[in-house]
>>> print(open('data32.csv').read())   # CSV, N, CA, C and O atoms
chain,number,residue,atom,x,y,z
A,248,MET,N,32.9,174.0,73.6
A,248,MET,CA,33.6,172.9,74.3
A,248,MET,C,34.9,173.5,74.9
A,248,MET,O,35.5,174.4,74.4
A,249,ILE,N,35.2,172.9,76.1
A,249,ILE,CA,36.4,173.4,76.8
A,249,ILE,C,37.6,172.4,76.5
A,249,ILE,O,37.3,171.2,76.3
A,250,PRO,N,38.8,172.8,76.6
A,250,PRO,CA,39.9,171.9,76.5
A,250,PRO,C,40.0,171.0,77.7
A,250,PRO,O,39.6,171.4,78.8
A,251,VAL,N,40.6,169.9,77.5
A,251,VAL,CA,40.9,168.9,78.6
A,251,VAL,C,42.4,168.7,78.7
A,251,VAL,O,43.1,168.6,77.7
A,252,ILE,N,42.9,168.8,79.9
A,252,ILE,CA,44.3,168.6,80.1
A,252,ILE,C,44.5,167.4,81.0
A,252,ILE,O,43.8,167.3,82.1
A,253,PHE,N,45.4,166.5,80.6
A,253,PHE,CA,45.7,165.3,81.4
A,253,PHE,C,46.9,165.6,82.3
A,253,PHE,O,47.9,166.0,81.8
A,254,HIS,N,46.7,165.3,83.6
A,254,HIS,CA,47.9,165.2,84.5
A,254,HIS,C,48.8,164.1,83.9
A,254,HIS,O,48.3,163.1,83.3
A,255,GLN,N,50.1,164.3,83.9
A,255,GLN,CA,51.0,163.3,83.3
A,255,GLN,C,50.8,161.9,83.8
A,255,GLN,O,50.9,160.9,83.1
A,256,ASP,N,50.5,161.8,85.1
A,256,ASP,CA,50.3,160.5,85.7
A,256,ASP,C,49.0,159.9,85.2
A,256,ASP,O,48.9,158.7,85.1
A,257,ALA,N,48.0,160.7,85.0
A,257,ALA,CA,46.7,160.2,84.5
A,257,ALA,C,46.9,159.7,83.1
A,257,ALA,O,46.3,158.7,82.7
A,258,GLU,N,47.7,160.4,82.3
A,258,GLU,CA,47.9,160.0,81.0
A,258,GLU,C,48.7,158.6,81.0
A,258,GLU,O,48.4,157.7,80.2
A,259,ALA,N,49.6,158.5,81.9
A,259,ALA,CA,50.3,157.2,82.0
A,259,ALA,C,49.4,156.1,82.4
A,259,ALA,O,49.5,154.9,81.9
A,260,GLU,N,48.5,156.4,83.4
A,260,GLU,CA,47.5,155.4,83.8
A,260,GLU,C,46.6,154.9,82.6
A,260,GLU,O,46.4,153.7,82.5
A,261,LEU,N,46.2,155.9,81.8
A,261,LEU,CA,45.4,155.5,80.7
A,261,LEU,C,46.2,154.6,79.7
A,261,LEU,O,45.6,153.6,79.3
A,262,LYS,N,47.4,155.0,79.4
A,262,LYS,CA,48.2,154.1,78.5
A,262,LYS,C,48.4,152.7,79.1
A,262,LYS,O,48.3,151.7,78.3
A,263,GLU,N,48.7,152.7,80.4
A,263,GLU,CA,48.9,151.3,81.0
A,263,GLU,C,47.6,150.5,80.9
A,263,GLU,O,47.7,149.3,80.7
A,264,ALA,N,46.5,151.1,81.2
A,264,ALA,CA,45.2,150.4,81.2
A,264,ALA,C,44.9,149.9,79.7
A,264,ALA,O,44.4,148.8,79.6
A,265,ILE,N,45.1,150.8,78.8
A,265,ILE,CA,44.9,150.4,77.4
A,265,ILE,C,45.7,149.1,77.0
A,265,ILE,O,45.3,148.1,76.5
A,266,ALA,N,47.0,149.2,77.4
A,266,ALA,CA,47.9,148.1,77.1
A,266,ALA,C,47.5,146.8,77.8
A,266,ALA,O,47.6,145.7,77.3
A,267,TYR,N,47.1,147.0,79.1
A,267,TYR,CA,46.7,145.8,79.9
A,267,TYR,C,45.5,145.1,79.2
A,267,TYR,O,45.5,143.9,79.0
A,268,TYR,N,44.5,145.9,78.8
A,268,TYR,CA,43.3,145.3,78.2
A,268,TYR,C,43.6,144.7,76.9
A,268,TYR,O,43.0,143.7,76.5
A,269,GLU,N,44.5,145.3,76.1
A,269,GLU,CA,44.9,144.8,74.8
A,269,GLU,C,45.6,143.5,75.0
A,269,GLU,O,45.4,142.6,74.2
A,270,ARG,N,46.4,143.3,76.1
A,270,ARG,CA,47.0,142.0,76.3
A,270,ARG,C,46.0,140.9,76.7
A,270,ARG,O,46.2,139.8,76.4
A,271,GLN,N,44.9,141.3,77.3
A,271,GLN,CA,43.9,140.4,77.7
A,271,GLN,C,43.2,139.8,76.5
A,271,GLN,O,42.9,138.6,76.5
A,272,ARG,N,42.9,140.7,75.6
A,272,ARG,CA,42.1,140.3,74.4
A,272,ARG,C,42.3,141.4,73.3
A,272,ARG,O,42.1,142.5,73.6
A,273,ALA,N,42.7,140.9,72.1
A,273,ALA,CA,42.9,141.9,71.0
A,273,ALA,C,41.6,142.7,70.8
A,273,ALA,O,40.5,142.2,70.7
A,274,GLY,N,41.8,144.0,70.8
A,274,GLY,CA,40.7,144.9,70.6
A,274,GLY,C,40.1,145.5,71.8
A,274,GLY,O,39.4,146.5,71.8
A,275,LEU,N,40.3,144.8,72.9
A,275,LEU,CA,39.7,145.3,74.2
A,275,LEU,C,40.3,146.6,74.7
A,275,LEU,O,39.6,147.5,75.2
A,276,GLY,N,41.6,146.7,74.5
A,276,GLY,CA,42.3,148.0,74.8
A,276,GLY,C,41.7,149.1,74.0
A,276,GLY,O,41.5,150.2,74.5
A,277,ILE,N,41.5,148.9,72.7
A,277,ILE,CA,40.9,149.9,71.9
A,277,ILE,C,39.5,150.3,72.3
A,277,ILE,O,39.1,151.5,72.3
A,278,SER,N,38.7,149.3,72.8
A,278,SER,CA,37.4,149.5,73.3
A,278,SER,C,37.5,150.4,74.5
A,278,SER,O,36.7,151.4,74.7
A,279,PHE,N,38.4,150.2,75.4
A,279,PHE,CA,38.6,151.0,76.6
A,279,PHE,C,39.0,152.4,76.2
A,279,PHE,O,38.4,153.4,76.7
A,280,GLN,N,39.9,152.5,75.3
A,280,GLN,CA,40.3,153.8,74.8
A,280,GLN,C,39.2,154.6,74.2
A,280,GLN,O,39.0,155.8,74.5
A,281,THR,N,38.4,154.0,73.4
A,281,THR,CA,37.2,154.6,72.8
A,281,THR,C,36.2,155.1,73.9
A,281,THR,O,35.7,156.2,73.8
A,282,GLU,N,36.0,154.3,74.9
A,282,GLU,CA,35.1,154.7,76.0
A,282,GLU,C,35.7,155.9,76.7
A,282,GLU,O,34.9,156.9,77.1
A,283,VAL,N,37.0,156.0,76.9
A,283,VAL,CA,37.6,157.1,77.6
A,283,VAL,C,37.5,158.3,76.7
A,283,VAL,O,37.1,159.4,77.2
A,284,GLU,N,37.7,158.2,75.4
A,284,GLU,CA,37.6,159.3,74.5
A,284,GLU,C,36.2,159.9,74.5
A,284,GLU,O,36.0,161.1,74.5
A,285,GLU,N,35.2,159.0,74.5
A,285,GLU,CA,33.8,159.4,74.6
A,285,GLU,C,33.5,160.2,75.9
A,285,GLU,O,32.8,161.2,75.9
A,286,ALA,N,34.1,159.7,77.0
A,286,ALA,CA,33.9,160.4,78.3
A,286,ALA,C,34.5,161.7,78.3
A,286,ALA,O,33.9,162.7,78.8
A,287,VAL,N,35.7,161.8,77.7
A,287,VAL,CA,36.4,163.1,77.6
A,287,VAL,C,35.5,164.1,76.8
A,287,VAL,O,35.4,165.3,77.2
A,288,GLN,N,34.9,163.7,75.7
A,288,GLN,CA,34.1,164.5,74.9
A,288,GLN,C,32.9,165.0,75.7
A,288,GLN,O,32.5,166.2,75.7
A,289,LEU,N,32.3,164.2,76.5
A,289,LEU,CA,31.2,164.6,77.4
A,289,LEU,C,31.6,165.6,78.4
A,289,LEU,O,30.9,166.6,78.7
A,290,ILE,N,32.8,165.4,79.0
A,290,ILE,CA,33.3,166.3,80.0
A,290,ILE,C,33.6,167.7,79.3
A,290,ILE,O,33.3,168.7,79.9
A,291,GLN,N,34.1,167.6,78.1
A,291,GLN,CA,34.4,168.9,77.4
A,291,GLN,C,33.1,169.6,77.1
A,291,GLN,O,33.1,170.9,77.2
A,292,GLN,N,32.1,168.9,76.7
A,292,GLN,CA,30.8,169.6,76.4
A,292,GLN,C,30.1,170.2,77.6
A,292,GLN,O,29.5,171.3,77.5
A,293,ASN,N,30.2,169.5,78.7
A,293,ASN,CA,29.5,170.0,79.9
A,293,ASN,C,30.2,169.5,81.2
A,293,ASN,O,29.8,168.5,81.7
A,294,PRO,N,31.3,170.1,81.6
A,294,PRO,CA,32.0,169.6,82.8
A,294,PRO,C,31.3,169.5,84.1
A,294,PRO,O,31.7,168.8,85.0
A,295,ARG,N,30.2,170.2,84.2
A,295,ARG,CA,29.4,170.2,85.5
A,295,ARG,C,28.3,169.1,85.4
A,295,ARG,O,27.6,168.9,86.4
A,296,ARG,N,28.3,168.3,84.4
A,296,ARG,CA,27.3,167.3,84.2
A,296,ARG,C,27.4,166.1,85.2
A,296,ARG,O,26.5,165.5,85.6
A,297,PHE,N,28.6,165.9,85.6
A,297,PHE,CA,28.9,164.7,86.4
A,297,PHE,C,29.1,165.1,87.9
A,297,PHE,O,29.5,166.2,88.2
A,298,PRO,N,28.8,164.1,88.8
A,298,PRO,CA,28.7,164.5,90.2
A,298,PRO,C,30.1,164.7,90.8
A,298,PRO,O,31.1,164.2,90.4
A,299,ARG,N,30.1,165.5,91.9
A,299,ARG,CA,31.3,165.8,92.6
A,299,ARG,C,31.7,164.6,93.5
A,299,ARG,O,30.8,163.9,94.0
A,300,HIS,N,32.9,164.4,93.7
A,300,HIS,CA,33.5,163.3,94.5
A,300,HIS,C,34.5,163.8,95.5
A,300,HIS,O,35.2,164.7,95.1
A,301,HIS,N,34.5,163.3,96.7
A,301,HIS,CA,35.5,163.7,97.7
A,301,HIS,C,35.5,165.1,98.1
A,301,HIS,O,34.8,165.9,97.5
A,302,GLU,N,36.3,165.4,99.0
A,302,GLU,CA,36.4,166.8,99.5
A,302,GLU,C,37.2,167.7,98.6
A,302,GLU,O,37.3,168.9,98.9
A,303,PHE,N,37.8,167.2,97.6
A,303,PHE,CA,38.7,168.0,96.7
A,303,PHE,C,37.9,168.9,95.7
A,303,PHE,O,38.5,169.6,95.0
A,304,GLY,N,36.6,168.6,95.6
A,304,GLY,CA,35.8,169.3,94.6
A,304,GLY,C,35.9,168.7,93.2
A,304,GLY,O,35.5,169.3,92.2
A,305,LEU,N,36.5,167.5,93.1
A,305,LEU,CA,36.7,166.9,91.8
A,305,LEU,C,35.3,166.3,91.4
A,305,LEU,O,34.5,166.0,92.2
A,306,ARG,N,35.2,166.1,90.1
A,306,ARG,CA,34.0,165.4,89.6
A,306,ARG,C,34.5,164.1,89.0
A,306,ARG,O,35.7,163.9,88.8
A,307,GLY,N,33.6,163.2,88.9
A,307,GLY,CA,34.0,161.8,88.4
A,307,GLY,C,33.0,161.3,87.4
A,307,GLY,O,31.8,161.5,87.5
A,308,TYR,N,33.6,160.7,86.4
A,308,TYR,CA,32.8,160.0,85.3
A,308,TYR,C,33.2,158.5,85.4
A,308,TYR,O,34.4,158.2,85.2
A,309,GLN,N,32.2,157.7,85.6
A,309,GLN,CA,32.5,156.2,85.7
A,309,GLN,C,32.4,155.6,84.3
A,309,GLN,O,31.3,155.8,83.6
A,310,ILE,N,33.4,155.0,83.8
A,310,ILE,CA,33.4,154.3,82.5
A,310,ILE,C,32.4,153.2,82.6
A,310,ILE,O,32.4,152.4,83.6
A,311,LYS,N,31.6,153.0,81.6
A,311,LYS,CA,30.5,152.1,81.7
A,311,LYS,C,30.9,150.6,81.6
A,311,LYS,O,30.5,149.9,82.5
A,312,ARG,N,31.7,150.2,80.7
A,312,ARG,CA,32.1,148.8,80.6
A,312,ARG,C,33.3,148.4,81.4
A,312,ARG,O,33.6,147.2,81.4
A,313,PHE,N,34.0,149.3,81.9
A,313,PHE,CA,35.3,149.0,82.6
A,313,PHE,C,35.2,149.6,84.0
A,313,PHE,O,34.6,150.7,84.2
A,314,PRO,N,35.9,149.0,85.0
A,314,PRO,CA,35.9,149.5,86.4
A,314,PRO,C,36.9,150.7,86.6
A,314,PRO,O,37.8,150.6,87.4
A,315,TYR,N,36.7,151.7,85.9
A,315,TYR,CA,37.5,152.9,86.0
A,315,TYR,C,36.7,154.2,86.1
A,315,TYR,O,35.6,154.2,85.6
A,316,THR,N,37.2,155.1,86.9
A,316,THR,CA,36.6,156.4,87.0
A,316,THR,C,37.6,157.5,86.6
A,316,THR,O,38.8,157.4,86.9
A,317,ILE,N,37.1,158.4,85.8
A,317,ILE,CA,38.0,159.6,85.4
A,317,ILE,C,37.6,160.7,86.4
A,317,ILE,O,36.5,161.2,86.5
A,318,PHE,N,38.6,161.1,87.2
A,318,PHE,CA,38.5,162.2,88.2
A,318,PHE,C,39.1,163.4,87.5
A,318,PHE,O,40.2,163.4,87.0
A,319,TYR,N,38.3,164.5,87.6
A,319,TYR,CA,38.8,165.7,87.0
A,319,TYR,C,38.3,166.9,87.8
A,319,TYR,O,37.4,166.9,88.6
A,320,LEU,N,39.0,168.0,87.6
A,320,LEU,CA,38.8,169.3,88.3
A,320,LEU,C,38.4,170.3,87.3
A,320,LEU,O,39.1,170.4,86.2
A,321,GLU,N,37.4,171.0,87.5
A,321,GLU,CA,37.0,172.2,86.6
A,321,GLU,C,37.9,173.3,86.9
A,321,GLU,O,38.0,173.8,88.1
A,322,LEU,N,38.6,173.8,85.9
A,322,LEU,CA,39.4,175.0,86.0
A,322,LEU,C,38.6,176.1,85.3
A,322,LEU,O,37.5,175.9,84.7
A,323,ASP,N,39.1,177.3,85.3
A,323,ASP,CA,38.4,178.4,84.7
A,323,ASP,C,38.1,178.2,83.2
A,323,ASP,O,37.0,178.5,82.8
A,324,GLU,N,39.1,177.7,82.5
A,324,GLU,CA,38.9,177.5,81.1
A,324,GLU,C,39.2,176.2,80.6
A,324,GLU,O,39.5,176.0,79.4
A,325,ALA,N,39.3,175.2,81.4
A,325,ALA,CA,39.6,173.8,81.0
A,325,ALA,C,39.2,172.8,82.1
A,325,ALA,O,38.8,173.2,83.2
A,326,ALA,N,39.2,171.6,81.7
A,326,ALA,CA,39.0,170.5,82.7
A,326,ALA,C,40.3,169.8,82.8
A,326,ALA,O,41.0,169.4,81.8
A,327,TRP,N,40.8,169.6,84.1
A,327,TRP,CA,42.1,168.9,84.4
A,327,TRP,C,41.8,167.5,84.9
A,327,TRP,O,41.2,167.3,85.9
A,328,ILE,N,42.2,166.5,84.1
A,328,ILE,CA,42.0,165.1,84.5
A,328,ILE,C,43.1,164.8,85.4
A,328,ILE,O,44.3,164.7,85.0
A,329,VAL,N,42.8,164.5,86.6
A,329,VAL,CA,43.7,164.2,87.7
A,329,VAL,C,44.1,162.7,87.7
A,329,VAL,O,45.2,162.3,88.0
A,330,ALA,N,43.1,161.8,87.4
A,330,ALA,CA,43.4,160.4,87.4
A,330,ALA,C,42.4,159.6,86.5
A,330,ALA,O,41.3,160.0,86.3
A,331,VAL,N,42.9,158.5,86.0
A,331,VAL,CA,42.1,157.5,85.3
A,331,VAL,C,42.3,156.3,86.3
A,331,VAL,O,43.2,155.5,86.1
A,332,ALA,N,41.4,156.2,87.2
A,332,ALA,CA,41.6,155.4,88.4
A,332,ALA,C,40.7,154.1,88.4
A,332,ALA,O,39.5,154.2,88.1
A,333,HIS,N,41.4,153.0,88.6
A,333,HIS,CA,40.7,151.7,88.8
A,333,HIS,C,39.8,151.8,90.0
A,333,HIS,O,40.3,152.3,91.1
A,334,GLN,N,38.6,151.4,89.9
A,334,GLN,CA,37.6,151.6,91.1
A,334,GLN,C,37.9,150.7,92.2
A,334,GLN,O,37.3,150.9,93.3
A,335,ARG,N,38.6,149.6,92.1
A,335,ARG,CA,38.8,148.7,93.2
A,335,ARG,C,40.3,148.6,93.7
A,335,ARG,O,40.6,147.7,94.4
A,336,ARG,N,41.1,149.5,93.2
A,336,ARG,CA,42.5,149.5,93.6
A,336,ARG,C,42.9,150.8,94.3
A,336,ARG,O,42.6,151.8,93.8
A,337,ARG,N,43.6,150.7,95.4
A,337,ARG,CA,44.2,151.8,96.0
A,337,ARG,C,43.4,153.1,96.0
A,337,ARG,O,43.7,154.1,95.3
A,338,PRO,N,42.3,153.2,96.7
A,338,PRO,CA,41.5,154.3,96.7
A,338,PRO,C,42.2,155.6,97.0
A,338,PRO,O,43.1,155.6,97.9
A,339,ARG,N,42.0,156.6,96.3
A,339,ARG,CA,42.5,158.0,96.5
A,339,ARG,C,44.0,158.1,96.4
A,339,ARG,O,44.6,159.0,97.0
A,340,TYR,N,44.7,157.1,95.8
A,340,TYR,CA,46.1,157.1,95.7
A,340,TYR,C,46.6,158.4,94.9
A,340,TYR,O,47.8,158.8,95.1
A,341,TRP,N,45.7,159.0,94.2
A,341,TRP,CA,46.1,160.1,93.3
A,341,TRP,C,45.9,161.5,94.0
A,341,TRP,O,46.1,162.5,93.4
A,342,ALA,N,45.4,161.5,95.3
A,342,ALA,CA,45.0,162.7,96.0
A,342,ALA,C,46.2,163.7,96.0
A,342,ALA,O,46.0,164.9,96.0
A,343,HIS,N,47.4,163.2,96.1
A,343,HIS,CA,48.5,164.2,96.2
A,343,HIS,C,48.7,165.0,95.0
A,343,HIS,O,49.3,166.1,95.0
A,344,ARG,N,48.2,164.5,93.8
A,344,ARG,CA,48.3,165.3,92.6
A,344,ARG,C,47.6,166.6,92.6
A,344,ARG,O,47.9,167.5,91.9
A,345,ILE,N,46.6,166.7,93.5
A,345,ILE,CA,45.8,168.0,93.5
A,345,ILE,C,46.6,169.1,94.1
A,345,ILE,O,46.4,170.3,93.8
A,346,SER,N,47.4,168.8,95.0
A,346,SER,CA,48.2,169.9,95.7
A,346,SER,C,49.4,170.3,94.9
A,346,SER,O,50.2,171.1,95.4
A,347,MET,N,49.6,169.7,93.8
A,347,MET,CA,50.8,170.0,93.0
A,347,MET,C,50.6,171.3,92.2
A,347,MET,O,49.6,171.7,91.8
>>> encode(input="data32.csv", output="C-alpha coordinates")
Amino acid sequence: MIPVIFHQDAEAELKEAIAYYERQRAGLGISFQTEVEEAVQLIQQNPRRFPRHHEFGLRGYQIKRFPYTIFYLELDEAAWIVAVAHQRRRPRYWAHRISM
(Lines of atoms letter the chains of each structure in order from A and count residues from 1; the text may use other names and numbers.)
(Lines give C-alpha, C1' and ligand atoms only; values in the text may rest on other atoms or scores of the structure.)
Protein backbone atom coordinates (compact mmCIF):
# COMPACT_ATOMS: atom_id res chain seq x y z
CA MET A 1 0.00 0.00 0.00
CA ILE A 2 1.16 3.50 -0.77
CA PRO A 3 0.73 6.49 1.51
CA VAL A 4 -1.93 9.09 0.80
CA ILE A 5 -1.29 12.78 1.26
CA PHE A 6 -4.16 15.27 1.45
CA HIS A 7 -3.78 18.78 0.06
CA GLN A 8 -4.65 21.04 2.98
CA ASP A 9 -7.67 22.42 1.11
CA ALA A 10 -8.89 18.89 0.30
CA GLU A 11 -8.63 18.03 3.99
CA ALA A 12 -10.66 21.16 4.83
CA GLU A 13 -13.28 20.20 2.22
CA LEU A 14 -13.57 16.77 3.77
CA LYS A 15 -14.05 18.18 7.27
CA GLU A 16 -16.63 20.69 6.02
CA ALA A 17 -18.61 17.99 4.20
CA ILE A 18 -18.57 15.70 7.25
CA ALA A 19 -19.85 18.55 9.43
CA TYR A 20 -22.51 19.50 6.87
CA TYR A 21 -23.89 15.95 6.65
CA GLU A 22 -23.79 15.55 10.42
CA ARG A 23 -25.90 18.73 10.76
CA GLN A 24 -28.41 17.29 8.28
CA ARG A 25 -28.86 14.07 10.25
CA ALA A 26 -26.98 12.55 13.16
CA GLY A 27 -24.67 9.82 11.89
CA LEU A 28 -24.77 10.89 8.25
CA GLY A 29 -21.46 12.73 8.54
CA ILE A 30 -19.87 9.61 9.98
CA SER A 31 -21.28 7.59 7.07
CA PHE A 32 -19.70 10.03 4.63
CA GLN A 33 -16.39 9.88 6.48
CA THR A 34 -16.46 6.08 6.43
CA GLU A 35 -17.06 6.03 2.67
CA VAL A 36 -14.16 8.42 2.12
CA GLU A 37 -11.90 6.28 4.32
CA GLU A 38 -12.87 3.19 2.31
CA ALA A 39 -12.11 5.06 -0.92
CA VAL A 40 -8.72 6.12 0.41
CA GLN A 41 -7.91 2.50 1.25
CA LEU A 42 -8.81 1.44 -2.30
CA ILE A 43 -6.63 4.22 -3.70
CA GLN A 44 -3.77 3.12 -1.45
CA GLN A 45 -4.06 -0.48 -2.58
CA ASN A 46 -4.14 0.27 -6.30
CA PRO A 47 -3.94 3.94 -7.33
CA ARG A 48 -4.26 3.09 -11.03
CA ARG A 49 -7.57 1.33 -10.52
CA PHE A 50 -9.70 4.42 -11.09
CA PRO A 51 -10.11 6.35 -14.35
CA ARG A 52 -8.21 9.45 -15.33
CA HIS A 53 -10.10 12.75 -15.37
CA HIS A 54 -9.28 16.05 -17.03
CA GLU A 55 -6.11 17.06 -18.75
CA PHE A 56 -4.17 17.16 -15.50
CA GLY A 57 -3.62 13.41 -15.33
CA LEU A 58 -5.66 13.16 -12.15
CA ARG A 59 -7.68 10.12 -11.31
CA GLY A 60 -11.07 10.23 -9.68
CA TYR A 61 -13.06 8.05 -7.33
CA GLN A 62 -16.77 8.77 -7.09
CA ILE A 63 -18.19 8.26 -3.63
CA LYS A 64 -21.12 5.90 -3.94
CA ARG A 65 -23.78 7.31 -1.60
CA PHE A 66 -22.79 10.96 -1.78
CA PRO A 67 -22.28 13.38 -4.70
CA TYR A 68 -18.53 13.75 -4.20
CA THR A 69 -15.46 12.77 -6.17
CA ILE A 70 -12.00 12.35 -4.73
CA PHE A 71 -9.50 13.69 -7.27
CA TYR A 72 -5.94 12.52 -6.79
CA LEU A 73 -2.61 12.47 -8.54
CA GLU A 74 -0.27 9.50 -8.57
CA LEU A 75 3.17 10.48 -7.40
CA ASP A 76 6.23 8.22 -7.42
CA GLU A 77 5.67 6.89 -3.91
CA ALA A 78 2.31 8.29 -2.82
CA ALA A 79 -1.13 9.40 -3.93
CA TRP A 80 -1.82 13.12 -3.49
CA ILE A 81 -5.49 13.93 -2.91
CA VAL A 82 -6.07 17.27 -4.56
CA ALA A 83 -9.80 17.68 -3.86
CA VAL A 84 -12.82 16.15 -2.20
CA ALA A 85 -15.15 17.85 -4.64
CA HIS A 86 -18.93 18.07 -4.75
CA GLN A 87 -19.98 16.84 -8.19
CA ARG A 88 -22.52 19.60 -8.83
CA ARG A 89 -20.75 22.68 -7.52
CA ARG A 90 -18.08 24.84 -9.10
CA PRO A 91 -16.49 22.40 -11.53
CA ARG A 92 -12.69 22.34 -11.46
CA TYR A 93 -12.45 25.06 -8.80
CA TRP A 94 -9.51 23.09 -7.41
CA ALA A 95 -7.43 23.10 -10.64
CA HIS A 96 -5.07 25.80 -9.37
CA ARG A 97 -3.92 23.40 -6.62
CA ILE A 98 -2.09 21.26 -9.15
CA SER A 99 0.31 23.99 -10.18
CA MET A 100 1.32 24.64 -6.57
>>> select_by_dssp(input="data32.csv", residues="stretch 256-340 of chain A", states="strand (DSSP E)", output="PyMOL selection string")
chain A and resi 299-300+305-309+315-321+326-333
>>> residues_around(input="data32.csv", residues="stretch 317-328 of chain A", least_positions_apart="4", cutoff="4.5 Å", atoms="all atoms listed in the file", output="list in words")
Pro250, Val251, Ile252, Phe253, His254, Leu305, Arg306, Gly307 and Tyr308 of chain A
>>> residues_around(input="data32.csv", residues="stretch 336-345 of chain A", least_positions_apart="4", cutoff="8 Å", atoms="all atoms listed in the file", output="VMD selection string")
chain A and resid 254 303 314 329 to 330 332
>>> atom_distance(input="data32.csv", atom1="atom CA of A:Ser278", atom2="atom CA of A:Arg299")
26.0 Å
>>> residues_around(input="data32.csv", residues="A:Leu261", least_positions_apart="3", cutoff="8 Å", atoms="all atoms listed in the file", output="ChimeraX atom specification")
/A:254-258,264-268,276,279-280,330-332
>>> residues_around(input="data32.csv", residues="stretch 309-312 of chain A", least_positions_apart="3", cutoff="7 Å", atoms="all atoms listed in the file", output="VMD selection string")
chain A and resid 282 to 283 315 to 317
